Amino acid sequence: MAGVMGLGERLDAVRAEASGRGVTVVVDLHGKPVDLAFTREALSLRPDDLAAVIRDLAAEAATAAVTEARSILADVVPSDLLPS
């Protein structure tokens, strides 16, 4: 079937985004940042504050990515076999 993604492809395609204080972070399933955007608001932050915002948003997005992956896995793996 053309156009139907397999499980591995679906997991590889997982992306999650979190935004705040003028920063948007997009991560993949492994929590690795794949996109980062700033507005003028973010650029007015002190470097330490900006770094903390990026870390916090990356962690938030990583949690969302794992939740999305669990949803994908739940389609094919019995829920009692998924880690909590």
# chains A, B, ... in the order shown; residues from 1 in each chain; ligands from 1
>>> select_by_dssp(residues="chain A", states="strand (DSSP E)", output="PyMOL selection string")
chain A and resi 15-20+23-28+33-38
>>> write_last_selection(atoms="all heavy atoms", output="CSV table (one decimal), in the first residue's frame")
chain,number,residue,atom,x,y,z
A,15,ARG,N,7.2,14.5,16.1
A,15,ARG,CA,7.8,15.8,16.4
A,15,ARG,C,6.8,16.4,17.4
A,15,ARG,O,5.6,16.2,17.4
A,15,ARG,CB,7.8,16.7,15.2
A,15,ARG,CG,8.7,16.2,14.1
A,15,ARG,CD,10.2,16.3,14.5
A,15,ARG,NE,11.1,15.9,13.5
A,15,ARG,CZ,11.6,14.6,13.3
A,15,ARG,NH1,11.1,13.6,14.0
A,15,ARG,NH2,12.4,14.4,12.3
A,16,ALA,N,7.3,17.1,18.4
A,16,ALA,CA,6.5,17.8,19.4
A,16,ALA,C,7.1,19.2,19.6
A,16,ALA,O,8.3,19.4,19.5
A,16,ALA,CB,6.5,17.1,20.7
A,17,GLU,N,6.2,20.2,19.9
A,17,GLU,CA,6.6,21.6,20.0
A,17,GLU,C,6.2,22.2,21.3
A,17,GLU,O,5.1,21.8,21.8
A,17,GLU,CB,5.9,22.3,18.8
A,17,GLU,CG,6.1,23.8,18.8
A,17,GLU,CD,5.4,24.5,17.7
A,17,GLU,OE1,5.6,24.1,16.5
A,17,GLU,OE2,4.6,25.4,17.9
A,18,ALA,N,7.0,23.1,21.8
A,18,ALA,CA,6.6,23.8,23.0
A,18,ALA,C,7.0,25.3,22.8
A,18,ALA,O,8.1,25.5,22.2
A,18,ALA,CB,7.2,23.2,24.3
A,19,SER,N,6.2,26.2,23.3
A,19,SER,CA,6.5,27.6,23.1
A,19,SER,C,6.3,28.4,24.4
A,19,SER,O,5.5,28.1,25.2
A,19,SER,CB,5.7,28.2,22.0
A,19,SER,OG,5.9,27.6,20.7
A,20,GLY,N,7.1,29.4,24.5
A,20,GLY,CA,6.9,30.4,25.6
A,20,GLY,C,8.0,31.4,25.6
A,20,GLY,O,9.2,31.1,25.2
A,23,VAL,N,10.1,31.9,22.5
A,23,VAL,CA,10.9,30.8,22.1
A,23,VAL,C,10.0,29.6,21.6
A,23,VAL,O,9.0,29.3,22.3
A,23,VAL,CB,11.9,30.3,23.1
A,23,VAL,CG1,12.7,29.1,22.6
A,23,VAL,CG2,12.8,31.4,23.6
A,24,THR,N,10.3,29.0,20.5
A,24,THR,CA,9.6,27.8,20.1
A,24,THR,C,10.7,26.7,19.9
A,24,THR,O,11.6,26.9,19.1
A,24,THR,CB,8.8,28.0,18.8
A,24,THR,OG1,7.8,29.0,19.1
A,24,THR,CG2,8.1,26.7,18.4
A,25,VAL,N,10.5,25.6,20.5
A,25,VAL,CA,11.4,24.4,20.4
A,25,VAL,C,10.6,23.3,19.8
A,25,VAL,O,9.5,22.9,20.3
A,25,VAL,CB,12.0,24.0,21.7
A,25,VAL,CG1,12.9,22.8,21.6
A,25,VAL,CG2,12.8,25.2,22.4
A,26,VAL,N,11.2,22.6,18.8
A,26,VAL,CA,10.6,21.4,18.3
A,26,VAL,C,11.6,20.3,18.5
A,26,VAL,O,12.8,20.5,18.1
A,26,VAL,CB,10.2,21.5,16.7
A,26,VAL,CG1,9.7,20.2,16.2
A,26,VAL,CG2,9.3,22.7,16.5
A,27,VAL,N,11.2,19.1,19.0
A,27,VAL,CA,12.1,18.0,19.2
A,27,VAL,C,11.5,16.8,18.5
A,27,VAL,O,10.3,16.7,18.2
A,27,VAL,CB,12.2,17.7,20.8
A,27,VAL,CG1,12.8,18.9,21.5
A,27,VAL,CG2,11.0,17.2,21.4
A,28,ASP,N,12.4,15.8,18.3
A,28,ASP,CA,12.0,14.5,17.8
A,28,ASP,C,11.7,13.6,19.0
A,28,ASP,O,11.7,14.0,20.1
A,28,ASP,CB,13.1,13.9,16.9
A,28,ASP,CG,14.4,13.6,17.6
A,28,ASP,OD1,14.5,13.6,18.8
A,28,ASP,OD2,15.4,13.3,16.9
A,33,PRO,N,16.5,18.5,19.8
A,33,PRO,CA,15.9,19.6,19.1
A,33,PRO,C,16.1,19.5,17.6
A,33,PRO,O,17.2,19.2,17.1
A,33,PRO,CB,16.7,20.8,19.7
A,33,PRO,CG,17.2,20.4,21.0
A,33,PRO,CD,17.5,18.9,20.8
A,34,VAL,N,15.1,19.7,16.8
A,34,VAL,CA,15.1,19.7,15.4
A,34,VAL,C,14.8,21.1,14.8
A,34,VAL,O,15.0,21.3,13.6
A,34,VAL,CB,14.3,18.6,14.7
A,34,VAL,CG1,14.8,17.2,15.1
A,34,VAL,CG2,12.8,18.8,15.1
A,35,ASP,N,14.2,22.0,15.6
A,35,ASP,CA,13.9,23.3,15.2
A,35,ASP,C,13.9,24.2,16.4
A,35,ASP,O,13.5,23.8,17.5
A,35,ASP,CB,12.6,23.4,14.4
A,35,ASP,CG,12.4,24.7,13.6
A,35,ASP,OD1,13.4,25.4,13.4
A,35,ASP,OD2,11.3,25.0,13.2
A,36,LEU,N,14.3,25.5,16.2
A,36,LEU,CA,14.4,26.4,17.3
A,36,LEU,C,14.1,27.8,16.7
A,36,LEU,O,14.8,28.2,15.7
A,36,LEU,CB,15.8,26.4,18.0
A,36,LEU,CG,16.0,27.2,19.2
A,36,LEU,CD1,15.1,26.9,20.3
A,36,LEU,CD2,17.5,27.0,19.6
A,37,ALA,N,13.1,28.5,17.2
A,37,ALA,CA,12.8,29.8,16.7
A,37,ALA,C,12.7,30.8,17.9
A,37,ALA,O,12.3,30.5,19.0
A,37,ALA,CB,11.5,29.8,15.9
A,38,PHE,N,13.1,32.1,17.6
A,38,PHE,CA,13.1,33.1,18.6
A,38,PHE,C,12.3,34.3,18.0
A,38,PHE,O,12.4,34.6,16.8
A,38,PHE,CB,14.5,33.6,18.9
A,38,PHE,CG,15.4,32.5,19.4
A,38,PHE,CD1,16.4,32.0,18.5
A,38,PHE,CD2,15.4,32.1,20.7
A,38,PHE,CE1,17.3,31.0,19.0
A,38,PHE,CE2,16.2,31.1,21.1
A,38,PHE,CZ,17.2,30.6,20.3
>>> select_by_dssp(residues="chain A", states="helix (DSSP H, G or I)", output="compact mmCIF listing (two decimals) with N, CA, C and O atoms, in the first residue's frame")
# COMPACT_ATOMS: atom_id res chain seq x y z
N LEU A 7 5.42 1.23 11.29
CA LEU A 7 5.59 1.66 12.67
C LEU A 7 6.88 2.47 12.85
O LEU A 7 6.87 3.54 13.46
N GLY A 8 7.99 1.98 12.33
CA GLY A 8 9.26 2.70 12.46
C GLY A 8 9.20 4.07 11.83
O GLY A 8 9.71 5.05 12.40
N GLU A 9 8.60 4.16 10.67
CA GLU A 9 8.47 5.45 10.00
C GLU A 9 7.58 6.41 10.80
O GLU A 9 7.88 7.60 10.89
N ARG A 10 6.52 5.87 11.37
CA ARG A 10 5.63 6.72 12.18
C ARG A 10 6.37 7.25 13.40
O ARG A 10 6.23 8.41 13.76
N LEU A 11 7.16 6.39 14.04
CA LEU A 11 7.91 6.83 15.22
C LEU A 11 9.00 7.83 14.82
O LEU A 11 9.23 8.81 15.52
N ASP A 12 9.67 7.60 13.68
CA ASP A 12 10.69 8.53 13.21
C ASP A 12 10.10 9.90 12.88
O ASP A 12 10.79 10.91 12.95
N ARG A 40 11.61 38.65 19.03
CA ARG A 40 12.35 39.74 19.69
C ARG A 40 12.28 39.60 21.21
O ARG A 40 13.23 39.94 21.91
N GLU A 41 11.14 39.12 21.72
CA GLU A 41 11.01 38.92 23.17
C GLU A 41 12.12 38.02 23.70
O GLU A 41 12.76 38.32 24.70
N ALA A 42 12.36 36.91 23.01
CA ALA A 42 13.39 35.97 23.45
C ALA A 42 14.78 36.60 23.38
O ALA A 42 15.62 36.37 24.26
N LEU A 43 15.00 37.39 22.36
CA LEU A 43 16.32 37.97 22.17
C LEU A 43 16.63 39.06 23.19
O LEU A 43 17.78 39.47 23.32
N PRO A 47 21.32 35.82 28.57
CA PRO A 47 21.72 34.50 28.07
C PRO A 47 21.35 33.34 29.00
O PRO A 47 20.87 32.30 28.55
N ASP A 48 21.57 33.50 30.31
CA ASP A 48 21.23 32.42 31.25
C ASP A 48 19.73 32.15 31.26
O ASP A 48 19.30 31.00 31.34
N ASP A 49 18.93 33.22 31.19
CA ASP A 49 17.48 33.06 31.18
C ASP A 49 17.01 32.40 29.89
O ASP A 49 16.14 31.53 29.90
N LEU A 50 17.60 32.82 28.77
CA LEU A 50 17.23 32.23 27.48
C LEU A 50 17.58 30.74 27.47
O LEU A 50 16.76 29.91 27.04
N ALA A 51 18.74 30.39 27.97
CA ALA A 51 19.14 28.98 28.03
C ALA A 51 18.16 28.18 28.89
O ALA A 51 17.78 27.06 28.53
N ALA A 52 17.74 28.73 30.01
CA ALA A 52 16.80 28.04 30.89
C ALA A 52 15.45 27.85 30.20
O ALA A 52 14.83 26.78 30.31
N VAL A 53 14.99 28.86 29.47
CA VAL A 53 13.73 28.74 28.74
C VAL A 53 13.84 27.63 27.70
O VAL A 53 12.95 26.79 27.57
N ILE A 54 14.94 27.61 26.96
CA ILE A 54 15.13 26.58 25.93
C ILE A 54 15.14 25.20 26.56
O ILE A 54 14.48 24.27 26.06
N ARG A 55 15.87 25.04 27.67
CA ARG A 55 15.92 23.72 28.35
C ARG A 55 14.52 23.29 28.80
O ARG A 55 14.12 22.14 28.60
N ASP A 56 13.79 24.21 29.43
CA ASP A 56 12.46 23.88 29.95
C ASP A 56 11.50 23.51 28.81
O ASP A 56 10.74 22.54 28.92
N LEU A 57 11.54 24.29 27.74
CA LEU A 57 10.65 24.00 26.61
C LEU A 57 11.04 22.70 25.91
O LEU A 57 10.17 21.93 25.49
N ALA A 58 12.33 22.42 25.80
CA ALA A 58 12.77 21.16 25.20
C ALA A 58 12.29 19.98 26.03
O ALA A 58 11.83 18.96 25.48
N ALA A 59 12.36 20.09 27.34
CA ALA A 59 11.87 19.02 28.22
C ALA A 59 10.36 18.84 28.07
O ALA A 59 9.85 17.71 28.01
N GLU A 60 9.63 19.95 28.00
CA GLU A 60 8.18 19.89 27.81
C GLU A 60 7.82 19.23 26.48
O GLU A 60 6.95 18.36 26.41
N ALA A 61 8.52 19.63 25.42
CA ALA A 61 8.27 19.05 24.11
C ALA A 61 8.65 17.57 24.07
O ALA A 61 7.95 16.75 23.46
N ALA A 62 9.73 17.21 24.75
CA ALA A 62 10.15 15.80 24.79
C ALA A 62 9.10 14.94 25.46
O ALA A 62 8.81 13.82 25.00
N THR A 63 8.49 15.44 26.51
CA THR A 63 7.42 14.71 27.19
C THR A 63 6.24 14.51 26.24
O THR A 63 5.66 13.42 26.16
N ALA A 64 5.90 15.54 25.49
CA ALA A 64 4.81 15.45 24.52
C ALA A 64 5.15 14.45 23.41
O ALA A 64 4.28 13.70 22.95
N ALA A 65 6.42 14.42 22.98
CA ALA A 65 6.84 13.49 21.93
C ALA A 65 6.70 12.05 22.41
O ALA A 65 6.24 11.17 21.67
N VAL A 66 7.10 11.79 23.64
CA VAL A 66 6.97 10.44 24.19
C VAL A 66 5.50 10.04 24.30
O VAL A 66 5.12 8.91 23.99
N THR A 67 4.66 10.97 24.71
CA THR A 67 3.22 10.71 24.79
C THR A 67 2.66 10.36 23.41
O THR A 67 1.88 9.42 23.27
N GLU A 68 3.10 11.09 22.40
CA GLU A 68 2.65 10.80 21.03
C GLU A 68 3.12 9.43 20.58
O GLU A 68 2.38 8.66 19.98
N ALA A 69 4.37 9.09 20.90
CA ALA A 69 4.91 7.78 20.52
C ALA A 69 4.15 6.65 21.22
O ALA A 69 3.87 5.62 20.61
N ARG A 70 3.82 6.86 22.49
CA ARG A 70 3.04 5.85 23.23
C ARG A 70 1.69 5.64 22.55
O ARG A 70 1.19 4.52 22.48
N SER A 71 1.09 6.70 22.06
CA SER A 71 -0.18 6.61 21.36
C SER A 71 -0.04 5.79 20.08
O SER A 71 -0.89 4.96 19.75
N ILE A 72 1.05 6.02 19.37
CA ILE A 72 1.32 5.26 18.15
C ILE A 72 1.51 3.79 18.48
O ILE A 72 0.95 2.90 17.84
N LEU A 73 2.31 3.51 19.51
CA LEU A 73 2.56 2.12 19.91
C LEU A 73 1.30 1.44 20.42
O LEU A 73 1.12 0.23 20.21
N ALA A 74 0.43 2.19 21.07
CA ALA A 74 -0.80 1.62 21.61
C ALA A 74 -1.69 1.06 20.50
O ALA A 74 -2.51 0.18 20.76
N SER A 79 -1.69 -2.70 25.66
CA SER A 79 -1.35 -1.69 26.67
C SER A 79 -0.62 -2.28 27.87
O SER A 79 0.21 -1.62 28.48
N ASP A 80 -0.89 -3.55 28.21
CA ASP A 80 -0.22 -4.14 29.37
C ASP A 80 1.26 -4.44 29.08
O ASP A 80 2.03 -4.71 30.00
N LEU A 81 1.68 -4.35 27.82
CA LEU A 81 3.08 -4.57 27.48
C LEU A 81 3.86 -3.26 27.36
O LEU A 81 5.09 -3.27 27.25
